[in-house]
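Contents: one structure, followed by commentary.
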Amino acid sequence: MTAEALLTRWPTAAQKVELLHGVLVFAGDFDERDLETARRTYPGRRPVLNADGGLEVHPAGPGAPTPLVS
């Protein structure tokens, strides 16, 4: 683990975490690598990147989730 990874990769790079309507919303600048990590961390949940570059972890359900921040 490098300093760059600690400062820029999820979950350590999350500047703020909120729970909105049952959805975990991590503020920060994330990408597909973080999305894959979230899939392994929250099995059965539906993580998605939002328009602000944040990461949202939606409850289990059918289909792809719609980001809360669009």
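Ligands are numbered from 1 in the order shown, residues from 1 within each chain, and chains are lettered A, B, ... in the order they appear in the structure tokens.
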Would you pick out the contacts of Pro65 in chain A at 10 Å or less, using only C-alpha atoms, so that residues sharing its chain but fewer than 3 positions from it are not included, and give the list as a ChimeraX atom specification?
/A:45-48,56-62,68
Export, as a short mmCIF file (atom, residue, chain, number, x, y, z; two decimals), in the first residue's frame, the selected residues with N, CA, C and O atoms.
```cif
data_model
loop_
_atom_site.label_atom_id
_atom_site.label_comp_id
_atom_site.auth_asym_id
_atom_site.auth_seq_id
_atom_site.Cartn_x
_atom_site.Cartn_y
_atom_site.Cartn_z
N ARG A 45 -24.92 -6.35 -2.87
CA ARG A 45 -25.32 -4.95 -3.03
C ARG A 45 -24.98 -4.49 -4.44
O ARG A 45 -24.29 -5.17 -5.18
N ARG A 46 -25.46 -3.29 -4.79
CA ARG A 46 -25.26 -2.78 -6.15
C ARG A 46 -24.52 -1.45 -6.13
O ARG A 46 -25.13 -0.39 -6.08
N PRO A 47 -23.18 -1.47 -6.17
CA PRO A 47 -22.42 -0.22 -6.20
C PRO A 47 -22.46 0.43 -7.59
O PRO A 47 -22.55 -0.26 -8.60
N VAL A 48 -22.43 1.75 -7.61
CA VAL A 48 -22.45 2.50 -8.86
C VAL A 48 -21.71 3.82 -8.65
O VAL A 48 -21.70 4.37 -7.55
N GLU A 56 -21.70 5.11 -4.83
CA GLU A 56 -22.94 4.82 -4.11
C GLU A 56 -23.09 3.30 -4.02
O GLU A 56 -22.84 2.60 -4.98
N VAL A 57 -23.50 2.82 -2.85
CA VAL A 57 -23.74 1.39 -2.66
C VAL A 57 -25.22 1.23 -2.35
O VAL A 57 -25.69 1.55 -1.26
N HIS A 58 -25.97 0.74 -3.33
CA HIS A 58 -27.42 0.57 -3.22
C HIS A 58 -27.75 -0.80 -2.64
O HIS A 58 -26.98 -1.75 -2.80
N PRO A 59 -28.91 -0.93 -1.99
CA PRO A 59 -29.33 -2.23 -1.47
C PRO A 59 -29.51 -3.24 -2.61
O PRO A 59 -29.60 -2.86 -3.77
N ALA A 60 -29.58 -4.51 -2.24
CA ALA A 60 -29.80 -5.56 -3.23
C ALA A 60 -31.12 -5.35 -3.93
O ALA A 60 -32.05 -4.77 -3.39
N GLY A 61 -31.19 -5.79 -5.17
CA GLY A 61 -32.42 -5.65 -5.95
C GLY A 61 -32.16 -6.01 -7.40
O GLY A 61 -31.03 -6.29 -7.79
N PRO A 62 -33.20 -6.00 -8.21
CA PRO A 62 -33.03 -6.35 -9.62
C PRO A 62 -32.46 -5.18 -10.44
O PRO A 62 -32.71 -4.02 -10.14
N LEU A 68 -28.21 8.33 -7.15
CA LEU A 68 -28.98 9.40 -6.51
C LEU A 68 -28.45 10.77 -6.95
O LEU A 68 -29.21 11.71 -7.08
#
```
Who sits within 6 Å of range 27-38 of chain A, only C-alpha atoms, same chain under 3 positions skipped, as number ranges by chain:
A: 10, 14-16, 41-42, 53-54
Could you please determine the separation between CA of Thr66 in chain A and CA of Thr8 in chain A in Å, to one decimal place?
24.4 Å
Helix (DSSP H, G or I) per DSSP on the backbone: members of chain A, as a PyMOL selection string:
chain A and resi 3-8+32-41
For the residues in that selection, give me C-alpha atoms as a PDB file, in the first residue's frame.
```
ATOM      1  CA  ALA A   3       0.660   6.849   0.153  1.00  0.00           C
ATOM      2  CA  GLU A   4      -0.921   7.552  -3.253  1.00  0.00           C
ATOM      3  CA  ALA A   5      -3.215   4.560  -2.857  1.00  0.00           C
ATOM      4  CA  LEU A   6      -4.235   5.595   0.664  1.00  0.00           C
ATOM      5  CA  LEU A   7      -5.106   9.102  -0.503  1.00  0.00           C
ATOM      6  CA  THR A   8      -6.861   8.222  -3.751  1.00  0.00           C
ATOM      7  CA  GLU A  32     -13.897   1.382 -11.971  1.00  0.00           C
ATOM      8  CA  ARG A  33     -11.195  -0.029  -9.674  1.00  0.00           C
ATOM      9  CA  ASP A  34     -13.047   1.319  -6.647  1.00  0.00           C
ATOM     10  CA  LEU A  35     -16.321   0.019  -8.029  1.00  0.00           C
ATOM     11  CA  GLU A  36     -14.882  -3.501  -8.242  1.00  0.00           C
ATOM     12  CA  THR A  37     -13.557  -3.242  -4.670  1.00  0.00           C
ATOM     13  CA  ALA A  38     -17.000  -2.170  -3.461  1.00  0.00           C
ATOM     14  CA  ARG A  39     -18.579  -5.173  -5.233  1.00  0.00           C
ATOM     15  CA  ARG A  40     -16.281  -7.504  -3.299  1.00  0.00           C
ATOM     16  CA  THR A  41     -16.764  -5.598  -0.034  1.00  0.00           C
TER      17      THR A  41
END
```
When DSSP is applied to the backbone of this structure, which of chain A are assigned strand (DSSP E)? Write them out as a PyMOL selection string.
chain A and resi 16-20+23-27+46-49+55-58
To one decimal in Å, tell me the separation between CA of Val25 in chain A and CA of Gly44 in chain A.
16.7 Å
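The residue that comes closest to Leu49 in chain A, out of A:Gly63, A:Val17, A:Val69, A:Thr2 and on the basis of only C-alpha atoms, is A:Val69.
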